[in-house]
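S.K.: Have a peek at protein24.pdb (PDB, C-alpha atoms).
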```pdb
ATOM      1  CA  ARG T 177      28.345  -9.327  10.740  1.00  0.00           C
ATOM      2  CA  GLN T 178      27.026 -12.711   9.744  1.00  0.00           C
ATOM      3  CA  SER T 179      27.115 -15.981  11.601  1.00  0.00           C
ATOM      4  CA  SER T 180      25.700 -19.470  11.163  1.00  0.00           C
ATOM      5  CA  HIS T 181      24.781 -21.808  13.988  1.00  0.00           C
ATOM      6  CA  GLY T 182      23.656 -25.259  12.812  1.00  0.00           C
ATOM      7  CA  GLU T 183      20.217 -24.968  11.264  1.00  0.00           C
ATOM      8  CA  ALA T 184      19.628 -21.398  12.465  1.00  0.00           C
ATOM      9  CA  PRO T 185      21.739 -18.935  10.442  1.00  0.00           C
ATOM     10  CA  CYS T 186      21.327 -15.332  11.469  1.00  0.00           C
ATOM     11  CA  TYR T 187      22.482 -11.844  10.537  1.00  0.00           C
ATOM     12  CA  VAL T 188      23.507  -9.439  13.306  1.00  0.00           C
ATOM     13  CA  THR T 189      23.910  -5.674  12.943  1.00  0.00           C
ATOM     14  CA  LEU T 190      24.340  -2.723  15.310  1.00  0.00           C
ATOM     15  CA  ASP T 191      22.950   0.785  15.142  1.00  0.00           C
ATOM     16  CA  ALA T 192      25.418   3.687  14.878  1.00  0.00           C
ATOM     17  CA  THR T 193      25.399   4.249  18.641  1.00  0.00           C
ATOM     18  CA  GLU T 194      26.188   0.547  19.237  1.00  0.00           C
ATOM     19  CA  LYS T 195      23.469   0.542  21.900  1.00  0.00           C
ATOM     20  CA  TRP T 196      21.142  -1.745  19.958  1.00  0.00           C
ATOM     21  CA  ALA T 197      21.695  -5.077  18.186  1.00  0.00           C
ATOM     22  CA  PHE T 198      19.339  -6.455  15.560  1.00  0.00           C
ATOM     23  CA  VAL T 199      19.179 -10.134  14.671  1.00  0.00           C
ATOM     24  CA  ALA T 200      17.468 -11.542  11.566  1.00  0.00           C
ATOM     25  CA  ASN T 201      16.793 -15.247  12.163  1.00  0.00           C
ATOM     26  CA  TYR T 202      16.479 -17.201   8.927  1.00  0.00           C
ATOM     27  CA  THR T 203      14.961 -20.437  10.221  1.00  0.00           C
ATOM     28  CA  SER T 204      12.306 -18.925  12.456  1.00  0.00           C
ATOM     29  CA  GLY T 205      11.597 -15.859  10.318  1.00  0.00           C
ATOM     30  CA  THR T 206      11.943 -13.537  13.307  1.00  0.00           C
ATOM     31  CA  VAL T 207      13.670 -10.196  13.795  1.00  0.00           C
ATOM     32  CA  ALA T 208      14.838  -9.483  17.354  1.00  0.00           C
ATOM     33  CA  VAL T 209      16.078  -6.301  19.026  1.00  0.00           C
ATOM     34  CA  TYR T 210      18.524  -6.428  21.956  1.00  0.00           C
ATOM     35  CA  PRO T 211      19.982  -3.624  24.079  1.00  0.00           C
ATOM     36  CA  VAL T 212      23.794  -3.611  24.272  1.00  0.00           C
ATOM     37  CA  ASP T 213      25.303  -2.833  27.687  1.00  0.00           C
ATOM     38  CA  GLU T 214      28.397  -0.651  28.066  1.00  0.00           C
ATOM     39  CA  ASP T 215      30.505  -3.797  28.547  1.00  0.00           C
ATOM     40  CA  GLY T 216      29.192  -5.206  25.247  1.00  0.00           C
ATOM     41  CA  ARG T 217      26.819  -7.768  26.726  1.00  0.00           C
ATOM     42  CA  LEU T 218      23.322  -8.197  25.309  1.00  0.00           C
ATOM     43  CA  GLY T 219      20.308  -7.571  27.520  1.00  0.00           C
ATOM     44  CA  ALA T 220      16.915  -9.242  27.219  1.00  0.00           C
ATOM     45  CA  ALA T 221      15.175  -8.762  23.892  1.00  0.00           C
ATOM     46  CA  THR T 222      12.991  -5.660  23.817  1.00  0.00           C
ATOM     47  CA  HIS T 223      11.114  -6.776  20.698  1.00  0.00           C
ATOM     48  CA  ILE T 224      10.784 -10.014  18.736  1.00  0.00           C
ATOM     49  CA  LEU T 225       8.858  -9.651  15.498  1.00  0.00           C
ATOM     50  CA  GLN T 226       7.523 -12.797  13.797  1.00  0.00           C
ATOM     51  CA  ASN T 227       7.179 -12.559  10.028  1.00  0.00           C
ATOM     52  CA  GLN T 228       4.383 -14.515   8.358  1.00  0.00           C
ATOM     53  CA  GLY T 229       3.667 -15.736   4.849  1.00  0.00           C
ATOM     54  CA  HIS T 230       5.175 -17.730   1.998  1.00  0.00           C
ATOM     55  CA  SER T 231       6.012 -17.473  -1.692  1.00  0.00           C
ATOM     56  CA  VAL T 232       6.391 -19.695  -4.752  1.00  0.00           C
ATOM     57  CA  VAL T 233       9.620 -21.747  -4.553  1.00  0.00           C
ATOM     58  CA  PRO T 234       9.024 -25.226  -3.056  1.00  0.00           C
ATOM     59  CA  GLY T 235      11.367 -26.145  -0.244  1.00  0.00           C
ATOM     60  CA  ARG T 236      12.649 -22.593   0.237  1.00  0.00           C
ATOM     61  CA  GLN T 237       9.609 -20.352   0.550  1.00  0.00           C
ATOM     62  CA  GLU T 238       6.997 -22.273   2.534  1.00  0.00           C
ATOM     63  CA  SER T 239       7.433 -19.803   5.388  1.00  0.00           C
ATOM     64  CA  ALA T 240       9.124 -16.542   6.308  1.00  0.00           C
ATOM     65  CA  HIS T 241      12.956 -16.459   6.345  1.00  0.00           C
ATOM     66  CA  ALA T 242      14.287 -13.118   7.572  1.00  0.00           C
ATOM     67  CA  HIS T 243      17.820 -13.028   6.152  1.00  0.00           C
ATOM     68  CA  CYS T 244      19.240  -9.557   6.730  1.00  0.00           C
ATOM     69  CA  ALA T 245      18.458  -6.417   8.761  1.00  0.00           C
ATOM     70  CA  VAL T 246      20.204  -3.077   8.148  1.00  0.00           C
ATOM     71  CA  PHE T 247      19.759   0.552   9.172  1.00  0.00           C
ATOM     72  CA  ASP T 248      19.267   3.237   6.583  1.00  0.00           C
ATOM     73  CA  PRO T 249      21.902   6.023   6.646  1.00  0.00           C
ATOM     74  CA  SER T 250      19.676   8.273   8.789  1.00  0.00           C
ATOM     75  CA  GLN T 251      19.383   5.532  11.447  1.00  0.00           C
ATOM     76  CA  ARG T 252      15.611   6.147  11.551  1.00  0.00           C
ATOM     77  CA  PHE T 253      14.589   3.059   9.626  1.00  0.00           C
ATOM     78  CA  VAL T 254      15.455  -0.648   9.742  1.00  0.00           C
ATOM     79  CA  LEU T 255      15.104  -2.638   6.520  1.00  0.00           C
ATOM     80  CA  VAL T 256      14.677  -6.417   6.534  1.00  0.00           C
ATOM     81  CA  ALA T 257      15.155  -8.754   3.567  1.00  0.00           C
ATOM     82  CA  ASP T 258      12.875 -11.780   3.940  1.00  0.00           C
ATOM     83  CA  LEU T 259      13.766 -14.520   1.456  1.00  0.00           C
ATOM     84  CA  GLY T 260      10.734 -16.656   2.290  1.00  0.00           C
ATOM     85  CA  ILE T 261       8.038 -14.103   1.583  1.00  0.00           C
ATOM     86  CA  ASP T 262       9.772 -12.137  -1.212  1.00  0.00           C
ATOM     87  CA  GLN T 263       9.635  -8.830   0.628  1.00  0.00           C
ATOM     88  CA  ILE T 264      11.876  -6.020   1.764  1.00  0.00           C
ATOM     89  CA  GLN T 265      10.256  -4.691   4.909  1.00  0.00           C
ATOM     90  CA  VAL T 266      10.696  -1.170   6.268  1.00  0.00           C
ATOM     91  CA  PHE T 267      10.345  -0.410   9.971  1.00  0.00           C
ATOM     92  CA  ARG T 268      10.672   2.799  11.944  1.00  0.00           C
ATOM     93  CA  PHE T 269      12.853   2.281  15.005  1.00  0.00           C
ATOM     94  CA  ASP T 270      11.723   3.527  18.404  1.00  0.00           C
ATOM     95  CA  ALA T 271      15.095   3.925  20.151  1.00  0.00           C
ATOM     96  CA  ALA T 272      13.470   4.822  23.470  1.00  0.00           C
ATOM     97  CA  ALA T 273      11.548   1.541  23.717  1.00  0.00           C
ATOM     98  CA  GLY T 274      13.734  -0.627  21.461  1.00  0.00           C
ATOM     99  CA  ARG T 275      10.839  -1.536  19.188  1.00  0.00           C
ATOM    100  CA  LEU T 276      10.290  -1.865  15.444  1.00  0.00           C
ATOM    101  CA  LEU T 277       7.198  -0.074  14.129  1.00  0.00           C
ATOM    102  CA  PRO T 278       5.761  -0.800  10.656  1.00  0.00           C
ATOM    103  CA  ASN T 279       6.312   2.001   8.180  1.00  0.00           C
ATOM    104  CA  ASP T 280       3.623   3.168   5.766  1.00  0.00           C
ATOM    105  CA  PRO T 281       3.863   1.356   3.421  1.00  0.00           C
ATOM    106  CA  PRO T 282       5.364  -1.503   5.478  1.00  0.00           C
ATOM    107  CA  SER T 283       7.183  -3.292   2.641  1.00  0.00           C
ATOM    108  CA  VAL T 284       7.976  -3.587  -1.047  1.00  0.00           C
ATOM    109  CA  ALA T 285       7.480  -6.841  -2.922  1.00  0.00           C
ATOM    110  CA  ALA T 286      10.303  -8.520  -4.814  1.00  0.00           C
ATOM    111  CA  ALA T 287       9.591 -10.583  -7.933  1.00  0.00           C
ATOM    112  CA  PRO T 288       7.903 -13.899  -7.036  1.00  0.00           C
ATOM    113  CA  GLY T 289      10.630 -16.469  -6.379  1.00  0.00           C
ATOM    114  CA  ALA T 290      13.423 -13.885  -6.223  1.00  0.00           C
ATOM    115  CA  GLY T 291      14.371 -14.538  -2.595  1.00  0.00           C
ATOM    116  CA  PRO T 292      15.868 -11.218  -1.376  1.00  0.00           C
ATOM    117  CA  ARG T 293      18.885 -12.024   0.787  1.00  0.00           C
ATOM    118  CA  HIS T 294      21.340  -9.185   1.509  1.00  0.00           C
ATOM    119  CA  LEU T 295      20.919  -5.409   1.513  1.00  0.00           C
ATOM    120  CA  GLU T 296      23.473  -2.642   0.962  1.00  0.00           C
ATOM    121  CA  PHE T 297      22.965   1.120   0.808  1.00  0.00           C
ATOM    122  CA  HIS T 298      24.911   3.237  -1.648  1.00  0.00           C
ATOM    123  CA  PRO T 299      27.307   5.587   0.202  1.00  0.00           C
ATOM    124  CA  GLY T 300      25.262   8.529  -1.071  1.00  0.00           C
ATOM    125  CA  GLY T 301      22.178   7.142   0.663  1.00  0.00           C
ATOM    126  CA  ARG T 302      19.834   7.432  -2.340  1.00  0.00           C
ATOM    127  CA  TRP T 303      19.906   3.810  -3.454  1.00  0.00           C
ATOM    128  CA  LEU T 304      19.473   0.368  -1.918  1.00  0.00           C
ATOM    129  CA  TYR T 305      20.948  -2.716  -3.595  1.00  0.00           C
ATOM    130  CA  VAL T 306      19.680  -6.249  -3.001  1.00  0.00           C
ATOM    131  CA  THR T 307      20.958  -9.703  -3.907  1.00  0.00           C
ATOM    132  CA  ASN T 308      18.139 -12.074  -4.814  1.00  0.00           C
ATOM    133  CA  GLU T 309      19.406 -15.512  -3.833  1.00  0.00           C
ATOM    134  CA  LEU T 310      16.894 -17.729  -5.612  1.00  0.00           C
ATOM    135  CA  ASN T 311      16.713 -16.162  -9.088  1.00  0.00           C
ATOM    136  CA  SER T 312      20.352 -14.941  -9.221  1.00  0.00           C
ATOM    137  CA  THR T 313      19.664 -11.263  -9.741  1.00  0.00           C
ATOM    138  CA  VAL T 314      20.669  -7.944  -8.214  1.00  0.00           C
ATOM    139  CA  SER T 315      18.041  -5.233  -7.773  1.00  0.00           C
ATOM    140  CA  ALA T 316      18.363  -1.480  -7.289  1.00  0.00           C
ATOM    141  CA  TYR T 317      15.747   0.544  -5.418  1.00  0.00           C
ATOM    142  CA  ALA T 318      15.452   4.299  -5.040  1.00  0.00           C
ATOM    143  CA  TRP T 319      15.283   5.211  -1.336  1.00  0.00           C
ATOM    144  CA  ASP T 320      13.140   8.069  -0.057  1.00  0.00           C
ATOM    145  CA  SER T 321      14.772   8.836   3.290  1.00  0.00           C
ATOM    146  CA  GLY T 322      11.986  11.204   4.364  1.00  0.00           C
ATOM    147  CA  ARG T 323       9.134   8.729   3.969  1.00  0.00           C
ATOM    148  CA  GLY T 324      11.104   5.503   4.291  1.00  0.00           C
ATOM    149  CA  THR T 325       9.911   4.122   0.961  1.00  0.00           C
ATOM    150  CA  LEU T 326      11.526   2.039  -1.761  1.00  0.00           C
ATOM    151  CA  THR T 327      10.854   2.241  -5.507  1.00  0.00           C
ATOM    152  CA  HIS T 328      12.182  -0.500  -7.773  1.00  0.00           C
ATOM    153  CA  ALA T 329      14.552   0.942 -10.383  1.00  0.00           C
ATOM    154  CA  GLN T 330      16.319  -2.006 -12.033  1.00  0.00           C
ATOM    155  CA  THR T 331      17.064  -5.738 -11.808  1.00  0.00           C
ATOM    156  CA  VAL T 332      20.018  -7.391 -13.567  1.00  0.00           C
ATOM    157  CA  SER T 333      21.243 -10.981 -13.760  1.00  0.00           C
ATOM    158  CA  SER T 334      24.328 -12.020 -11.822  1.00  0.00           C
ATOM    159  CA  LEU T 335      25.170 -14.761 -14.333  1.00  0.00           C
ATOM    160  CA  PRO T 336      26.792 -14.710 -17.774  1.00  0.00           C
ATOM    161  CA  GLU T 337      24.565 -15.414 -20.753  1.00  0.00           C
ATOM    162  CA  GLY T 338      24.279 -19.126 -21.461  1.00  0.00           C
ATOM    163  CA  PHE T 339      25.050 -20.400 -17.962  1.00  0.00           C
ATOM    164  CA  ASP T 340      22.464 -23.060 -17.071  1.00  0.00           C
ATOM    165  CA  GLY T 341      23.913 -24.656 -13.917  1.00  0.00           C
ATOM    166  CA  TRP T 342      22.750 -24.329 -10.327  1.00  0.00           C
ATOM    167  CA  ASN T 343      23.457 -21.000  -8.657  1.00  0.00           C
ATOM    168  CA  SER T 344      22.602 -19.202  -5.460  1.00  0.00           C
ATOM    169  CA  MET T 345      23.498 -15.561  -4.783  1.00  0.00           C
ATOM    170  CA  ALA T 346      24.916 -14.454  -1.438  1.00  0.00           C
ATOM    171  CA  ASP T 347      26.574 -11.262  -0.203  1.00  0.00           C
ATOM    172  CA  LEU T 348      27.107  -7.848  -1.795  1.00  0.00           C
ATOM    173  CA  HIS T 349      29.124  -4.729  -1.038  1.00  0.00           C
ATOM    174  CA  CYS T 350      29.357  -1.273  -2.571  1.00  0.00           C
ATOM    175  CA  SER T 351      32.761   0.334  -3.060  1.00  0.00           C
ATOM    176  CA  ARG T 352      33.509   3.268  -0.763  1.00  0.00           C
ATOM    177  CA  ASP T 353      33.498   5.708  -3.681  1.00  0.00           C
ATOM    178  CA  GLY T 354      30.071   4.446  -4.768  1.00  0.00           C
ATOM    179  CA  ARG T 355      31.213   3.523  -8.285  1.00  0.00           C
ATOM    180  CA  PHE T 356      31.040  -0.273  -8.119  1.00  0.00           C
ATOM    181  CA  LEU T 357      28.941  -3.054  -6.623  1.00  0.00           C
ATOM    182  CA  TYR T 358      30.386  -6.497  -5.873  1.00  0.00           C
ATOM    183  CA  ALA T 359      28.234  -9.592  -5.316  1.00  0.00           C
ATOM    184  CA  SER T 360      28.956 -13.293  -4.897  1.00  0.00           C
ATOM    185  CA  ASN T 361      27.597 -16.314  -6.766  1.00  0.00           C
ATOM    186  CA  ARG T 362      27.628 -19.795  -5.227  1.00  0.00           C
ATOM    187  CA  GLY T 363      27.423 -22.453  -7.925  1.00  0.00           C
ATOM    188  CA  HIS T 364      28.891 -20.318 -10.687  1.00  0.00           C
ATOM    189  CA  ASP T 365      31.570 -19.602  -8.036  1.00  0.00           C
ATOM    190  CA  SER T 366      32.232 -16.022  -9.008  1.00  0.00           C
ATOM    191  CA  ILE T 367      32.271 -12.434  -7.836  1.00  0.00           C
ATOM    192  CA  ILE T 368      30.401 -10.115 -10.169  1.00  0.00           C
ATOM    193  CA  VAL T 369      31.398  -6.470 -10.571  1.00  0.00           C
ATOM    194  CA  LEU T 370      28.706  -3.992 -11.562  1.00  0.00           C
ATOM    195  CA  SER T 371      29.423  -0.367 -12.373  1.00  0.00           C
ATOM    196  CA  ILE T 372      27.053   2.230 -10.908  1.00  0.00           C
ATOM    197  CA  GLU T 373      25.763   5.182 -12.940  1.00  0.00           C
ATOM    198  CA  PRO T 374      25.977   8.011 -10.403  1.00  0.00           C
ATOM    199  CA  GLU T 375      22.878   9.912 -11.529  1.00  0.00           C
ATOM    200  CA  THR T 376      20.525   6.952 -11.885  1.00  0.00           C
TER     201      THR T 376
END
```
What's the structure tokens form of this structure?

M.R.:
Amino acid sequence: RQSSHGEAPCYVTLDATEKWAFVANYTSGTVAVYPVDEDGRLGAATHILQNQGHSVVPGRQESAHAHCAVFDPSQRFVLVADLGIDQIQVFRFDAAAGRLLPNDPPSVAAAPGAGPRHLEFHPGGRWLYVTNELNSTVSAYAWDSGRGTLTHAQTVSSLPEGFDGWNSMADLHCSRDGRFLYASNRGHDSIIVLSIEPET
């Protein structure tokens, strides 16, 4: 679920047990973990992780901007897209303590200036798809669920050839049958539809 509060947009997700909530805070560049009580109320944060760094786009990448946090299908790993530092981070989740632990390796780098924004796993669990807000592309990564590692497989443009106006990518979703990927363009004002080759 996504929400926006003034100058502090955030992305909120729950684990499969709905006992833990994860919040990616864009403005501060933090990722926070909260326990969820049986009545649905949030307890005090058990972990607040502060991302550090910057990338190459002036005005957008002077500091970290954690934009999205999702669980992998096994619920062992939490992946964070940070637009400000051009990274997709991978954390192991300690459900006993409610803490995020860096994986080895701890992240994969996006192209400089890409601005990874939203993450979506393929229903089969072998692939992760990413919208890159700043350079209007969609990337596919192979996911190793045993080691918690990502390997870049492909990046495609979200815009038709010849379009030279302003654009900013946003959300994406995979169809339930795993055959199609849908992603939104702001500026070009469109929804793109990408077909997915099941073997690759």

S.K.: For a test of reading the model, state the distance in Å between CA of Glu309 in chain T and CA of Ser344 in chain T, rounded to one decimal.

M.R.: 5.1 Å

S.K.: One decimal, Å: what's the distance from CA of Gln330 in chain T over to CA of Asp262 in chain T, could you say?

M.R.: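 That distance, rounded to one decimal, is 16.2 Å.
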
S.K.: Can you work out which one of T:Leu190, T:Ala359, T:Leu259, T:Ala273 has the shortest atom-to-atom distance to Cys244 in chain T, counting all atoms listed in the file?

M.R.: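 For Cys244 in chain T, the nearest of the given residues is T:Leu259.
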
S.K.: Selected by the PyMOL selection byres ((chain T and resi 372-376) around 12) in the shown coordinates: which residues, as a PDB file with C-alpha atoms, in the coordinates of the input?

M.R.:
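After the write, selection.pdb holds the following:
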```
ATOM      1  CA  HIS T 298      24.911   3.237  -1.648  1.00  0.00           C
ATOM      2  CA  PRO T 299      27.307   5.587   0.202  1.00  0.00           C
ATOM      3  CA  GLY T 300      25.262   8.529  -1.071  1.00  0.00           C
ATOM      4  CA  GLY T 301      22.178   7.142   0.663  1.00  0.00           C
ATOM      5  CA  ARG T 302      19.834   7.432  -2.340  1.00  0.00           C
ATOM      6  CA  TRP T 303      19.906   3.810  -3.454  1.00  0.00           C
ATOM      7  CA  LEU T 304      19.473   0.368  -1.918  1.00  0.00           C
ATOM      8  CA  TYR T 305      20.948  -2.716  -3.595  1.00  0.00           C
ATOM      9  CA  ALA T 316      18.363  -1.480  -7.289  1.00  0.00           C
ATOM     10  CA  TYR T 317      15.747   0.544  -5.418  1.00  0.00           C
ATOM     11  CA  ALA T 318      15.452   4.299  -5.040  1.00  0.00           C
ATOM     12  CA  TRP T 319      15.283   5.211  -1.336  1.00  0.00           C
ATOM     13  CA  HIS T 328      12.182  -0.500  -7.773  1.00  0.00           C
ATOM     14  CA  ALA T 329      14.552   0.942 -10.383  1.00  0.00           C
ATOM     15  CA  GLN T 330      16.319  -2.006 -12.033  1.00  0.00           C
ATOM     16  CA  CYS T 350      29.357  -1.273  -2.571  1.00  0.00           C
ATOM     17  CA  SER T 351      32.761   0.334  -3.060  1.00  0.00           C
ATOM     18  CA  ASP T 353      33.498   5.708  -3.681  1.00  0.00           C
ATOM     19  CA  GLY T 354      30.071   4.446  -4.768  1.00  0.00           C
ATOM     20  CA  ARG T 355      31.213   3.523  -8.285  1.00  0.00           C
ATOM     21  CA  PHE T 356      31.040  -0.273  -8.119  1.00  0.00           C
ATOM     22  CA  LEU T 357      28.941  -3.054  -6.623  1.00  0.00           C
ATOM     23  CA  TYR T 358      30.386  -6.497  -5.873  1.00  0.00           C
ATOM     24  CA  VAL T 369      31.398  -6.470 -10.571  1.00  0.00           C
ATOM     25  CA  LEU T 370      28.706  -3.992 -11.562  1.00  0.00           C
ATOM     26  CA  SER T 371      29.423  -0.367 -12.373  1.00  0.00           C
TER      27      SER T 371
END
```

S.K.: Could you tell me how far CA of Arg362 in chain T lies from CA of Val314 in chain T, in Å and to one decimal?

M.R.: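 Taking CA of Arg362 in chain T and CA of Val314 in chain T, their separation equals 14.1 Å.
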
S.K.: Measuring between all atoms listed in the file, which one of T:His223, T:Ile264, T:Thr307, T:Ala272 shows the shortest distance to Ala286 in chain T?

M.R.: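 Distance minimum relative to Ala286 in chain T lands on T:Ile264.
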
S.K.: With all atoms listed in the file as the basis for distance, which of T:Gln263, T:Thr189, T:Asn227, T:Ser283 is at the shortest distance from Ser204 in chain T?

M.R.: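 Checking each candidate against Ser204 in chain T, we get T:Asn227 as the closest.
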
S.K.: Could you list, as a PyMOL selection string, every residue within 12 Å of Glu214 in chain T, counting only C-alpha atoms and ignoring same-chain residues fewer than 5 positions away?

M.R.: chain T and resi 193-196+219

S.K.: Taking the file as shown, what set of residues would the PyMOL selection byres ((chain T and resi 288) around 7) give back, as a PyMOL selection string?

M.R.: chain T and resi 231-232+262+286-287+289-290

S.K.: Need to verify the contact set: Leu276 in chain T, 6 Å, all atoms listed in the file, exclusion of same-chain residues closer than 6 positions in sequence. Can you return it as a list in words?

M.R.: Phe267, Arg268 and Phe269 of chain T

S.K.: Taking (10.8, -1.7, 17.5) in the file's own coordinates, collect the residues within 12 Å, counting only C-alpha atoms, and hand them back as a VMD selection string.

M.R.: chain T and resid 196 to 198 207 to 211 221 to 225 252 to 255 266 to 279

S.K.: From the set T:Gln251, T:Gln265, T:Gln237, T:Gln226, which residue has the shortest atom-to-atom contact distance to Leu326 in chain T, counting only C-alpha atoms?

M.R.: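 With only C-alpha atoms as the atom set, the closest residue is T:Gln265.
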
S.K.: Let me make sure I understand: among T:Ala240, T:Ile368, T:Val256, T:Val212, which one has the smallest atom-to-atom distance to Ala200 in chain T if we use only C-alpha atoms?

M.R.: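 Of T:Ala240, T:Ile368, T:Val256, T:Val212, the one nearest Ala200 in chain T is T:Val256, counting only C-alpha atoms.
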
S.K.: I need the residue set behind the PyMOL selection byres ((chain T and resi 363) around 7) for this file; please write it as a list in words.

M.R.: Trp342, Asn343, Ser344, Asn361, Arg362, His364 and Asp365 of chain T

S.K.: Dig up all the protein and nucleic acid residues within 9 Å of (13.9, 9.3, 5.0) in the file frame, using only C-alpha atoms, and format them as a PDB file with C-alpha atoms, keeping the file's coordinate frame.

M.R.:
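Writing done, so here's part-v8.pdb:
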```
ATOM      1  CA  ASP T 248      19.267   3.237   6.583  1.00  0.00           C
ATOM      2  CA  PRO T 249      21.902   6.023   6.646  1.00  0.00           C
ATOM      3  CA  SER T 250      19.676   8.273   8.789  1.00  0.00           C
ATOM      4  CA  ARG T 252      15.611   6.147  11.551  1.00  0.00           C
ATOM      5  CA  PHE T 253      14.589   3.059   9.626  1.00  0.00           C
ATOM      6  CA  TRP T 319      15.283   5.211  -1.336  1.00  0.00           C
ATOM      7  CA  ASP T 320      13.140   8.069  -0.057  1.00  0.00           C
ATOM      8  CA  SER T 321      14.772   8.836   3.290  1.00  0.00           C
ATOM      9  CA  GLY T 322      11.986  11.204   4.364  1.00  0.00           C
ATOM     10  CA  ARG T 323       9.134   8.729   3.969  1.00  0.00           C
ATOM     11  CA  GLY T 324      11.104   5.503   4.291  1.00  0.00           C
ATOM     12  CA  THR T 325       9.911   4.122   0.961  1.00  0.00           C
TER      13      THR T 325
END
```

S.K.: Counting all atoms listed in the file, which of T:Val246, T:Ala257, T:Leu218, T:Met345 gets nearest to Val284 in chain T?

M.R.: T:Ala257
